[in-house]
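Engineer: Pasting input_7.csv below, which is CSV, C-alpha atoms.
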chain,number,residue,atom,x,y,z
G,15,MET,CA,127.4,146.4,184.9
G,16,THR,CA,129.5,143.3,184.3
G,17,ILE,CA,129.4,140.4,186.7
G,18,GLN,CA,132.9,141.5,188.0
G,19,GLU,CA,131.5,144.9,188.9
G,20,ILE,CA,128.4,143.4,190.6
G,21,TYR,CA,130.7,141.1,192.6
G,22,GLN,CA,132.9,144.0,193.6
G,23,ARG,CA,130.0,146.1,194.7
G,24,LEU,CA,128.6,143.2,196.8
G,25,VAL,CA,132.0,142.5,198.4
G,26,ASP,CA,132.4,146.2,199.2
G,27,ARG,CA,129.1,146.2,200.9
G,28,PHE,CA,129.0,142.8,202.7
G,29,GLY,CA,132.6,141.6,202.8
G,30,ALA,CA,134.2,138.4,201.7
G,31,ASP,CA,132.6,136.4,204.5
G,32,LYS,CA,129.1,136.7,203.0
G,33,ILE,CA,130.1,136.9,199.3
G,34,THR,CA,132.1,133.7,199.1
G,35,GLY,CA,133.2,133.6,195.4
G,36,ILE,CA,132.8,134.3,191.7
G,37,ASN,CA,133.0,132.2,188.6
G,38,GLU,CA,133.5,134.3,185.5
G,39,LYS,CA,134.4,131.5,183.1
G,40,ALA,CA,131.0,129.9,183.0
G,41,THR,CA,128.6,130.7,180.2
G,42,ASP,CA,126.3,132.3,182.8
G,43,PRO,CA,128.9,133.7,185.3
G,44,TRP,CA,127.8,133.4,188.9
G,45,ILE,CA,128.4,134.8,192.3
G,46,GLU,CA,128.4,132.6,195.4
G,47,VAL,CA,126.7,133.9,198.5
G,48,ALA,CA,126.8,132.3,202.0
G,49,PRO,CA,123.4,130.7,202.8
G,50,ALA,CA,122.7,132.7,205.9
G,51,ALA,CA,123.3,136.1,204.1
G,52,ILE,CA,121.1,135.6,201.0
G,53,GLY,CA,118.2,137.5,202.6
G,54,GLU,CA,120.0,140.8,203.1
G,55,VAL,CA,122.0,140.3,199.9
G,56,ALA,CA,118.7,139.9,198.0
G,57,GLN,CA,117.4,143.1,199.6
G,58,PHE,CA,120.5,145.0,198.4
G,59,LEU,CA,120.5,143.5,194.9
G,60,LYS,CA,117.0,144.8,194.3
G,61,GLY,CA,117.1,148.0,196.3
G,62,ASP,CA,120.5,149.3,195.3
G,63,ASP,CA,120.4,152.0,192.7
G,64,GLN,CA,123.4,150.8,190.8
G,65,LEU,CA,122.4,147.1,190.8
G,66,ALA,CA,118.6,147.4,190.6
G,67,LEU,CA,118.1,143.7,189.9
G,68,ASP,CA,114.4,144.0,190.1
G,69,SER,CA,113.4,140.8,188.2
G,70,LEU,CA,113.9,137.3,189.4
G,71,ASN,CA,113.8,135.3,186.2
G,72,ASN,CA,114.2,131.9,187.8
G,73,LEU,CA,114.8,130.3,191.1
G,74,SER,CA,115.9,126.7,191.0
G,75,ALA,CA,117.7,124.1,193.1
G,76,THR,CA,120.2,121.5,192.1
G,77,ASP,CA,121.3,118.3,194.0
G,78,PHE,CA,124.8,117.2,193.5
G,79,LEU,CA,125.1,113.6,194.4
G,80,GLU,CA,126.1,110.4,192.7
G,81,THR,CA,124.4,107.3,194.1
G,82,ASP,CA,126.0,104.8,191.8
G,83,ALA,CA,129.2,103.6,193.5
G,84,LYS,CA,131.0,103.0,190.2
G,85,LEU,CA,130.3,106.5,188.9
G,86,ALA,CA,130.9,108.2,192.3
G,87,ALA,CA,134.6,107.7,192.0
G,88,LYS,CA,134.7,110.0,189.0
G,89,PHE,CA,132.1,112.4,190.3
G,90,PRO,CA,133.8,115.8,190.2
G,91,TYR,CA,131.7,117.5,192.9
G,92,GLN,CA,131.4,117.3,196.7
G,93,PRO,CA,127.9,116.2,197.5
G,94,HIS,CA,125.9,119.3,198.2
G,95,THR,CA,122.8,121.2,197.2
G,96,GLU,CA,122.5,124.6,195.5
G,97,VAL,CA,119.9,127.2,195.1
G,98,VAL,CA,120.3,129.3,191.9
G,99,TYR,CA,118.8,132.8,191.4
G,100,HIS,CA,118.7,134.2,187.9
G,101,LEU,CA,118.3,137.9,188.1
G,102,TYR,CA,117.8,140.6,185.6
G,103,SER,CA,117.6,144.4,185.8
G,104,PHE,CA,115.1,146.0,183.5
G,105,ARG,CA,116.4,149.5,184.3
G,106,ARG,CA,120.2,148.8,184.0
G,107,LYS,CA,119.9,146.0,181.4
G,108,HIS,CA,122.3,143.7,183.1
G,109,ARG,CA,121.9,140.3,184.6
G,110,ALA,CA,123.4,138.2,187.3
G,111,VAL,CA,123.3,134.7,188.6
G,112,ILE,CA,123.6,134.1,192.4
G,113,LYS,CA,124.3,130.7,193.8
G,114,VAL,CA,123.9,129.5,197.4
G,115,LYS,CA,125.7,126.3,198.3
G,116,PHE,CA,125.0,124.2,201.4
G,117,ASP,CA,125.0,120.7,202.7
G,118,ARG,CA,122.4,118.2,201.4
G,119,TRP,CA,121.0,117.8,204.9
G,120,LYS,CA,121.1,120.1,207.9
G,121,ASN,CA,124.0,119.2,210.2
G,122,ASN,CA,124.5,116.2,207.9
G,123,GLU,CA,121.7,114.3,209.5
G,124,ALA,CA,119.6,112.5,206.9
G,125,GLY,CA,116.0,113.8,207.0
G,126,GLN,CA,116.8,117.2,208.4
G,127,LEU,CA,115.9,119.7,205.8
G,128,PRO,CA,118.7,122.3,204.9
G,129,GLU,CA,117.7,125.8,205.7
G,130,VAL,CA,118.0,128.9,203.5
G,131,PRO,CA,116.4,132.3,204.2
G,132,THR,CA,113.5,133.1,201.9
G,133,VAL,CA,113.6,135.9,199.3
G,134,SER,CA,109.9,135.8,198.7
G,135,HIS,CA,109.5,139.2,200.4
G,136,VAL,CA,112.0,140.7,198.0
G,137,TRP,CA,110.8,139.2,194.7
G,138,GLY,CA,107.1,138.2,194.9
G,139,ILE,CA,107.5,135.4,192.3
G,140,ALA,CA,110.0,133.6,194.6
G,141,ASP,CA,107.0,132.6,196.7
G,142,TRP,CA,105.9,129.8,194.3
G,143,HIS,CA,109.4,129.1,193.1
G,144,GLU,CA,110.5,128.4,196.7
G,145,ARG,CA,107.4,126.2,197.2
G,146,GLU,CA,108.4,124.2,194.2
G,147,ALA,CA,112.0,123.9,195.4
G,148,TYR,CA,110.7,122.8,198.8
G,149,ASP,CA,108.4,120.3,197.1
G,150,MET,CA,111.0,118.7,194.8
G,151,MET,CA,114.3,119.1,196.7
G,152,GLY,CA,113.3,119.5,200.3
G,153,ILE,CA,114.8,122.9,201.0
G,154,HIS,CA,113.4,124.7,204.0
G,155,PHE,CA,113.1,128.4,203.1
G,156,VAL,CA,113.1,130.1,206.5
G,157,GLY,CA,110.6,132.9,206.8
G,158,HIS,CA,108.5,131.8,203.8
G,159,PRO,CA,104.8,132.8,204.4
G,160,ASN,CA,103.3,129.5,203.1
G,161,LEU,CA,105.8,126.7,202.6
G,162,VAL,CA,103.6,123.8,201.6
G,163,ARG,CA,103.9,121.4,198.6
G,164,ILE,CA,102.8,123.0,195.3
G,165,LEU,CA,102.9,120.0,192.8
G,166,CYS,CA,102.8,116.8,194.8
G,167,PRO,CA,99.9,115.9,197.0
G,168,ASP,CA,100.1,117.1,200.6
G,169,ASP,CA,100.6,113.6,201.9
G,170,TRP,CA,103.5,112.8,199.6
G,171,GLU,CA,106.5,111.3,201.2
G,172,GLY,CA,110.0,112.4,200.3
G,173,TYR,CA,111.4,114.9,197.8
G,174,PRO,CA,111.3,113.4,194.4
G,175,LEU,CA,114.1,115.3,192.6
G,176,ARG,CA,116.7,114.5,195.2
G,177,LYS,CA,119.2,112.0,193.8
G,178,ASP,CA,118.8,109.6,196.7
G,179,TYR,CA,115.0,109.6,196.5
G,180,GLU,CA,113.4,106.2,196.7
G,181,PHE,CA,110.2,105.6,194.6
G,182,PRO,CA,107.1,104.8,196.6
G,183,GLU,CA,106.1,101.2,196.8
G,184,GLU,CA,102.4,102.2,196.7
G,185,TYR,CA,100.4,105.3,196.9
G,186,HIS,CA,96.8,105.2,198.3
G,187,GLY,CA,96.4,101.5,197.2
G,188,VAL,CA,97.9,101.9,193.7
G,189,ARG,CA,101.0,99.8,193.3
G,190,GLY,CA,104.1,101.9,192.4
G,191,GLN,CA,106.8,99.5,191.4
S,27,MET,CA,65.4,83.0,160.3
S,28,THR,CA,64.4,82.4,156.7
S,29,TRP,CA,61.0,81.1,157.6
S,30,ILE,CA,59.9,84.5,158.9
S,31,GLU,CA,61.8,86.8,156.5
S,32,GLY,CA,59.8,88.3,153.6
S,33,ARG,CA,56.4,87.4,155.1
S,34,PHE,CA,55.6,90.9,156.1
S,35,GLU,CA,55.2,94.0,154.0
S,36,GLU,CA,58.2,96.2,153.2
S,37,ASN,CA,60.0,98.2,155.9
S,38,VAL,CA,59.6,95.4,158.4
S,39,VAL,CA,62.9,94.0,159.5
S,40,THR,CA,63.2,90.8,161.4
S,41,THR,CA,66.1,90.2,163.8
S,42,THR,CA,66.8,88.7,167.1
S,43,LEU,CA,66.5,90.7,170.3
S,44,GLU,CA,70.1,90.0,171.1
S,45,GLN,CA,71.3,91.4,167.8
S,46,ALA,CA,69.1,94.4,168.0
S,47,MET,CA,70.2,95.2,171.5
S,48,ASN,CA,73.9,94.7,170.6
S,49,TRP,CA,73.5,96.8,167.5
S,50,ALA,CA,71.9,99.6,169.5
S,51,LYS,CA,74.6,99.5,172.2
S,52,GLN,CA,77.5,99.3,169.9
S,53,SER,CA,76.2,102.2,167.7
S,54,SER,CA,75.9,104.6,170.6
S,55,ILE,CA,79.0,104.3,172.7
S,56,TRP,CA,79.2,107.6,174.4
S,57,PRO,CA,82.7,108.3,175.6
S,58,MET,CA,83.6,110.5,178.5
S,59,THR,CA,85.4,113.8,177.9
S,60,PHE,CA,88.6,112.7,179.6
S,61,GLY,CA,91.9,113.9,178.4
S,62,LEU,CA,94.8,113.8,180.7
S,63,ALA,CA,97.8,114.7,178.5
S,64,CYS,CA,99.0,114.8,174.9
S,65,CYS,CA,97.0,111.8,173.9
S,66,ALA,CA,93.9,113.9,174.4
S,67,ILE,CA,94.9,116.0,171.4
S,68,GLU,CA,94.7,112.9,169.2
S,69,MET,CA,91.4,111.9,170.8
S,70,MET,CA,90.1,115.4,169.9
S,71,ALA,CA,91.4,114.9,166.4
S,72,ALA,CA,89.6,111.6,166.3
S,73,GLY,CA,86.4,113.5,167.3
S,74,ALA,CA,86.9,116.2,164.7
S,75,SER,CA,85.7,116.2,161.1
S,76,ARG,CA,88.8,114.6,159.5
S,77,PHE,CA,88.5,111.3,161.4
S,78,ASP,CA,85.1,111.8,162.8
S,79,ILE,CA,84.5,109.3,165.6
S,80,ASP,CA,80.8,110.1,165.2
S,81,ARG,CA,80.7,107.7,162.2
S,82,PHE,CA,80.8,105.0,164.8
S,83,GLY,CA,78.2,106.6,167.0
S,84,ALA,CA,80.8,107.5,169.6
S,85,GLY,CA,80.9,111.2,169.0
S,86,ALA,CA,78.8,112.4,171.9
S,87,PHE,CA,81.5,113.2,174.4
S,88,ARG,CA,79.8,113.5,177.7
S,89,ALA,CA,81.0,115.8,180.4
S,90,THR,CA,79.8,113.6,183.1
S,91,PRO,CA,80.6,109.9,183.9
S,92,ARG,CA,76.9,109.3,184.6
S,93,GLN,CA,76.0,109.6,180.9
S,94,ALA,CA,79.1,107.8,179.5
S,95,ASP,CA,79.6,104.2,178.5
S,96,LEU,CA,83.2,104.4,177.5
S,97,MET,CA,86.2,105.9,179.3
S,98,ILE,CA,89.1,106.7,177.0
S,99,VAL,CA,92.0,107.2,179.4
S,100,ALA,CA,94.0,109.5,177.1
S,101,GLY,CA,97.2,110.4,178.7
S,102,THR,CA,99.6,110.0,181.6
S,103,VAL,CA,97.9,108.9,184.8
S,104,THR,CA,99.6,110.3,187.9
S,105,TYR,CA,99.2,109.0,191.4
S,106,LYS,CA,97.4,112.2,192.2
S,107,MET,CA,94.9,111.5,189.4
S,108,ALA,CA,94.6,107.8,190.0
S,109,SER,CA,92.0,108.1,192.7
S,110,ARG,CA,90.0,110.4,190.5
S,111,VAL,CA,90.2,108.0,187.6
S,112,ARG,CA,88.9,105.3,189.9
S,113,ARG,CA,86.1,107.4,191.2
S,114,LEU,CA,85.0,108.5,187.7
S,115,TYR,CA,85.0,104.8,186.6
S,116,GLU,CA,82.8,103.9,189.5
S,117,GLN,CA,80.4,106.6,188.7
S,118,MET,CA,79.8,105.3,185.2
S,119,PRO,CA,76.7,103.2,184.7
S,120,ASP,CA,77.0,99.6,183.6
S,121,PRO,CA,77.8,98.3,181.0
S,122,LYS,CA,81.0,100.3,180.9
S,123,TYR,CA,84.2,100.0,178.9
S,124,VAL,CA,87.7,101.4,179.2
S,125,ILE,CA,90.2,102.1,176.5
S,126,ALA,CA,93.8,102.6,177.6
S,127,MET,CA,95.1,105.0,175.0
S,128,GLY,CA,98.8,105.6,174.6
S,129,ALA,CA,102.0,104.2,176.1
S,130,CYS,CA,101.8,106.0,179.4
S,131,THR,CA,98.4,104.6,180.1
S,132,ILE,CA,99.3,101.1,179.1
S,133,GLY,CA,102.4,100.7,181.2
S,134,GLY,CA,103.9,104.0,182.3
S,135,GLY,CA,105.6,104.5,178.9
S,136,PRO,CA,108.6,106.9,179.0
S,137,TYR,CA,107.9,107.5,182.7
S,138,PHE,CA,108.3,103.8,183.6
S,139,LYS,CA,111.7,104.1,185.1
S,140,HIS,CA,112.2,107.7,186.3
S,141,GLY,CA,108.6,109.0,186.7
S,142,TYR,CA,108.2,109.1,190.4
S,143,HIS,CA,104.6,110.3,190.0
S,144,VAL,CA,103.3,108.1,187.2
S,145,VAL,CA,101.1,105.1,187.6
S,146,LYS,CA,102.7,102.2,185.8
S,147,GLY,CA,99.6,101.4,183.7
S,148,VAL,CA,96.0,102.4,184.3
S,149,ASP,CA,95.1,98.7,184.6
S,150,LEU,CA,96.4,99.0,188.1
S,151,VAL,CA,93.6,101.4,188.8
S,152,VAL,CA,90.6,100.3,186.6
S,153,PRO,CA,89.9,97.2,184.5
S,154,VAL,CA,90.9,97.9,180.8
S,155,ASP,CA,89.1,96.4,177.8
S,156,VAL,CA,91.2,97.6,174.9
S,157,TYR,CA,94.8,98.8,174.8
S,158,VAL,CA,95.7,101.3,172.1
S,159,PRO,CA,99.5,101.6,171.8
S,160,GLY,CA,101.4,104.5,170.4
S,161,CYS,CA,102.9,107.7,171.7
S,162,PRO,CA,100.5,109.2,171.0
S,163,PRO,CA,98.4,106.8,168.9
S,164,ARG,CA,97.1,108.1,165.6
S,165,PRO,CA,93.4,108.8,165.5
S,166,GLU,CA,93.0,105.8,163.2
S,167,ALA,CA,94.4,103.6,166.0
S,168,LEU,CA,91.9,105.0,168.4
S,169,LEU,CA,89.1,104.3,165.9
S,170,GLU,CA,90.5,100.8,165.6
S,171,GLY,CA,90.3,100.5,169.4
S,172,LEU,CA,86.8,101.7,169.4
S,173,MET,CA,85.9,99.0,166.8
S,174,ARG,CA,87.3,96.4,169.1
S,175,ILE,CA,85.0,97.7,171.8
S,176,GLN,CA,82.2,97.3,169.4
S,177,ASP,CA,83.3,93.7,168.7
S,178,LYS,CA,83.2,93.1,172.4
S,179,ILE,CA,79.7,94.5,172.7
S,180,LYS,CA,78.6,92.4,169.7
S,181,SER,CA,79.7,89.2,171.4
S,182,LYS,CA,77.3,89.8,174.3
S,183,ARG,CA,74.7,87.1,174.7
S,184,ILE,CA,71.5,87.6,176.6
S,185,GLY,CA,70.6,83.9,176.8
S,186,LYS,CA,71.1,82.1,180.1
S,187,GLY,CA,74.1,79.9,180.2
S,188,VAL,CA,75.2,80.8,176.7
S,189,ARG,CA,78.9,81.0,176.3
S,190,GLU,CA,80.2,84.3,175.2
S,191,LEU,CA,83.0,84.2,172.6
S,192,LEU,CA,85.2,87.2,172.4
S,193,PRO,CA,86.1,87.9,168.8
S,194,VAL,CA,89.8,87.8,168.0
S,195,PRO,CA,91.2,90.8,166.1
S,196,HIS,CA,92.7,89.9,162.8
S,197,HIS,CA,95.4,91.8,161.2
S,198,SER,CA,93.1,92.5,158.2
S,199,GLY,CA,91.3,95.0,160.5
S,200,TYR,CA,88.2,92.8,160.8
S,201,ALA,CA,87.4,90.7,163.8
S,202,GLN,CA,86.6,87.1,163.4
S,203,SER,CA,85.2,84.4,165.7
S,204,PRO,CA,87.8,82.3,167.4
S,205,GLU,CA,88.5,78.9,165.9
S,206,HIS,CA,86.8,76.0,167.6
S,207,ILE,CA,89.2,73.3,168.4
S,208,GLN,CA,87.6,69.9,168.3
S,209,GLY,CA,88.4,67.2,170.8
Translate the structure of the given file into structure tokens.
Structural biologist:
Amino acid sequence: MTIQEIYQRLVDRFGADKITGINEKATDPWIEVAPAAIGEVAQFLKGDDQLALDSLNNLSATDFLETDAKLAAKFPYQPHTEVVYHLYSFRRKHRAVIKVKFDRWKNNEAGQLPEVPTVSHVWGIADWHEREAYDMMGIHFVGHPNLVRILCPDDWEGYPLRKDYEFPEEYHGVRGQ
Amino acid sequence: MTWIEGRFEENVVTTTLEQAMNWAKQSSIWPMTFGLACCAIEMMAAGASRFDIDRFGAGAFRATPRQADLMIVAGTVTYKMASRVRRLYEQMPDPKYVIAMGACTIGGGPYFKHGYHVVKGVDLVVPVDVYVPGCPPRPEALLEGLMRIQDKIKSKRIGKGVRELLPVPHHSGYAQSPEHIQG
């Protein structure tokens, strides 16, 4: 199936409220899904006989923010965070990219982690991928069985790959800057 | 020591206790098996037959700090690892020496600016004797660093109140005693 056909099938099933858009021009064309709906959409993507996207190749997160005031004027994006799902179907031999876009902080209050439903019960590999996304970007995957840091130490403060992350002054007595 | 040399039969060598001790120490520097990143590959190359760190008596890589004299910090030290590096250093028996191998260990290297997790130089964690620059350093550079450690051991004095002079590395590759400035 082409990305257009996958998109059409998703819209037929869930409606335009939950499937919010498609970009066909990109090298990896993607479908945008509303954050709250990603759980059930993921179930459908894997379980549906036509789609059968049984393999999650990659789950990553991106932070769109320009902290430099000079460069921010030319920054072409609204500040937001994305979670990107790269999917492949071994049975149907087609692939799809799903994107979920949401605010950088929940309710735009700094420090409140944005919430996205987990897909770890659909694709098992998402368990660790979501832990990494949580560790690095500070995304709270609701319903994840074990959402703790995977790379940084447990007592690490902040989420290092966020664009507005401030480097630690010191960590356990070792000077940082 | 000319007065005593040649007075005994053959195979008797006369030397000072200081020299004998230093010679023994410098010829049996046992490093700790301690590779943190890509520099460890060069350290292993230095230990293998082509470069052969065993020529300097430093080929016995010990798997425990309690049997090691030298810690070659080969690779990027992260904050998570820093406390372990410190603990391993403290577990080593005296006298102990540290080589900071590679750019990351010397000062953060390529992670200096954007590496949120990298200690900006292992000398913030443990005292360093010899810095070996490079990314990663060639095995020859590590051997050179080892020879500087040997120089440092050679300069040890056991006499009470005797000033120790640290030899200055010369670009010829050989260390020489520092110049005495009169006045």
Engineer: If you count all atoms listed in the file, which residues fall within 7 Å of Ser54 (chain S), apart from same-chain ones fewer than 4 positions away, as a PyMOL selection string?
Structural biologist: chain S and resi 50+83-84
Engineer: Would you tabulate, counting all atoms listed in the file, all residues of chain G that have an atom at most 10 Å from an atom of chain S, showing the closest pair of atoms and their distance in Å to one decimal, sorted by chain then ascending number, as CSV?
Structural biologist:
residue,atom,partner,partner_atom,distance
G:Leu165,CA,S:Lys106,CA,9.6
G:Cys166,CA,S:Lys106,CA,7.6
G:Pro167,CA,S:Lys106,CA,6.6
G:Trp170,CA,S:Lys106,CA,9.6
G:Tyr173,CA,S:Tyr142,CA,9.9
G:Pro174,CA,S:Tyr142,CA,6.6
G:Leu175,CA,S:Tyr142,CA,8.8
G:Tyr179,CA,S:Tyr142,CA,9.1
G:Glu180,CA,S:Tyr142,CA,8.7
G:Phe181,CA,S:Tyr142,CA,5.8
G:Pro182,CA,S:Tyr142,CA,7.6
G:Glu184,CA,S:Tyr105,CA,9.2
G:Tyr185,CA,S:Tyr105,CA,6.7
G:His186,CA,S:Ser109,CA,7.9
G:Gly187,CA,S:Val151,CA,8.9
G:Val188,CA,S:Leu150,CA,6.5
G:Arg189,CA,S:Leu150,CA,7.0
G:Gly190,CA,S:Val145,CA,6.5
G:Gln191,CA,S:Lys146,CA,7.4
Engineer: In Å to one decimal, how far is CA of Val97 (chain G) from CA of Leu127 (chain G)?
Structural biologist: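 CA of Val97 (chain G) lies at a distance of 13.7 Å from CA of Leu127 (chain G).
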Engineer: What does the structure give for the distance between CA of Ser69 (chain G) and CA of Met150 (chain G), in Å to one decimal?
Structural biologist: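 Taking CA of Ser69 (chain G) as the start and CA of Met150 (chain G) as the end point, the length is 23.2 Å.
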Engineer: Could you please determine the separation between CA of Ala110 (chain G) and CA of Glu129 (chain G) in Å, to one decimal place?
Structural biologist: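 Separation between CA of Ala110 (chain G) and CA of Glu129 (chain G): 22.9 Å.
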Engineer: Using all atoms listed in the file, which residues sit within 9 Å of Tyr99 (chain G) once same-chain residues fewer than 2 positions away are excluded, as a ChimeraX atom specification?
Structural biologist: /G:70-75,97,101,110-114
Engineer: Could you name the residues that touch Thr16 (chain G) at 12 Å or less, counting only C-alpha atoms, but leaving out those on the same chain fewer than 4 positions away, as a ChimeraX atom specification?
Structural biologist: /G:20-23,38,42-45,64-65,106-111
Engineer: Do you know which residues are at most 9 Å from Thr34 (chain G) counting all atoms listed in the file, after dropping those on the same chain fewer than 5 positions away, and could you put them as a PDB file with C-alpha atoms, in the coordinates of the input?
Structural biologist:
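Here's the written file around_18.pdb:
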ATOM      1  CA  VAL G  25     132.000 142.500 198.400  1.00  0.00           C
ATOM      2  CA  GLY G  29     132.600 141.600 202.800  1.00  0.00           C
ATOM      3  CA  ILE G  45     128.400 134.800 192.300  1.00  0.00           C
ATOM      4  CA  GLU G  46     128.400 132.600 195.400  1.00  0.00           C
ATOM      5  CA  VAL G  47     126.700 133.900 198.500  1.00  0.00           C
ATOM      6  CA  ALA G  48     126.800 132.300 202.000  1.00  0.00           C
TER       7      ALA G  48
END
Engineer: Can you pull out the residues contacting region 58-70 of chain S? Cut-off 8 Å, using all atoms listed in the file, and skip same-chain residues under 4 positions away; I want them as an NGL selection string.
Structural biologist: :S and (74 or 87-91 or 94-103 or 127-128 or 161-165 or 168)
Engineer: Write to file, as an mmCIF file, in the coordinates of the input, the residues of the selection just made, with C-alpha atoms.
Structural biologist:
data_model
loop_
_atom_site.group_PDB
_atom_site.id
_atom_site.type_symbol
_atom_site.label_atom_id
_atom_site.label_comp_id
_atom_site.auth_asym_id
_atom_site.auth_seq_id
_atom_site.Cartn_x
_atom_site.Cartn_y
_atom_site.Cartn_z
ATOM 1 C CA ALA S 74 86.900 116.200 164.700
ATOM 2 C CA PHE S 87 81.500 113.200 174.400
ATOM 3 C CA ARG S 88 79.800 113.500 177.700
ATOM 4 C CA ALA S 89 81.000 115.800 180.400
ATOM 5 C CA THR S 90 79.800 113.600 183.100
ATOM 6 C CA PRO S 91 80.600 109.900 183.900
ATOM 7 C CA ALA S 94 79.100 107.800 179.500
ATOM 8 C CA ASP S 95 79.600 104.200 178.500
ATOM 9 C CA LEU S 96 83.200 104.400 177.500
ATOM 10 C CA MET S 97 86.200 105.900 179.300
ATOM 11 C CA ILE S 98 89.100 106.700 177.000
ATOM 12 C CA VAL S 99 92.000 107.200 179.400
ATOM 13 C CA ALA S 100 94.000 109.500 177.100
ATOM 14 C CA GLY S 101 97.200 110.400 178.700
ATOM 15 C CA THR S 102 99.600 110.000 181.600
ATOM 16 C CA VAL S 103 97.900 108.900 184.800
ATOM 17 C CA MET S 127 95.100 105.000 175.000
ATOM 18 C CA GLY S 128 98.800 105.600 174.600
ATOM 19 C CA CYS S 161 102.900 107.700 171.700
ATOM 20 C CA PRO S 162 100.500 109.200 171.000
ATOM 21 C CA PRO S 163 98.400 106.800 168.900
ATOM 22 C CA ARG S 164 97.100 108.100 165.600
ATOM 23 C CA PRO S 165 93.400 108.800 165.500
ATOM 24 C CA LEU S 168 91.900 105.000 168.400
#
Engineer: Smallest atom-to-atom distance to Ile36 (chain G): which of G:Ala50, G:Ala124, G:Ile17, G:Leu85, using all atoms listed in the file?
Structural biologist: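 Among the listed residues, the smallest separation from Ile36 (chain G) belongs to G:Ile17.
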Engineer: Smallest atom-to-atom distance to Leu43 (chain S): which of S:Ala72, S:Ile184, S:Val154, S:Ile179, using all atoms listed in the file?
Structural biologist: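 Smallest separation from Leu43 (chain S) among the options: S:Ile184.
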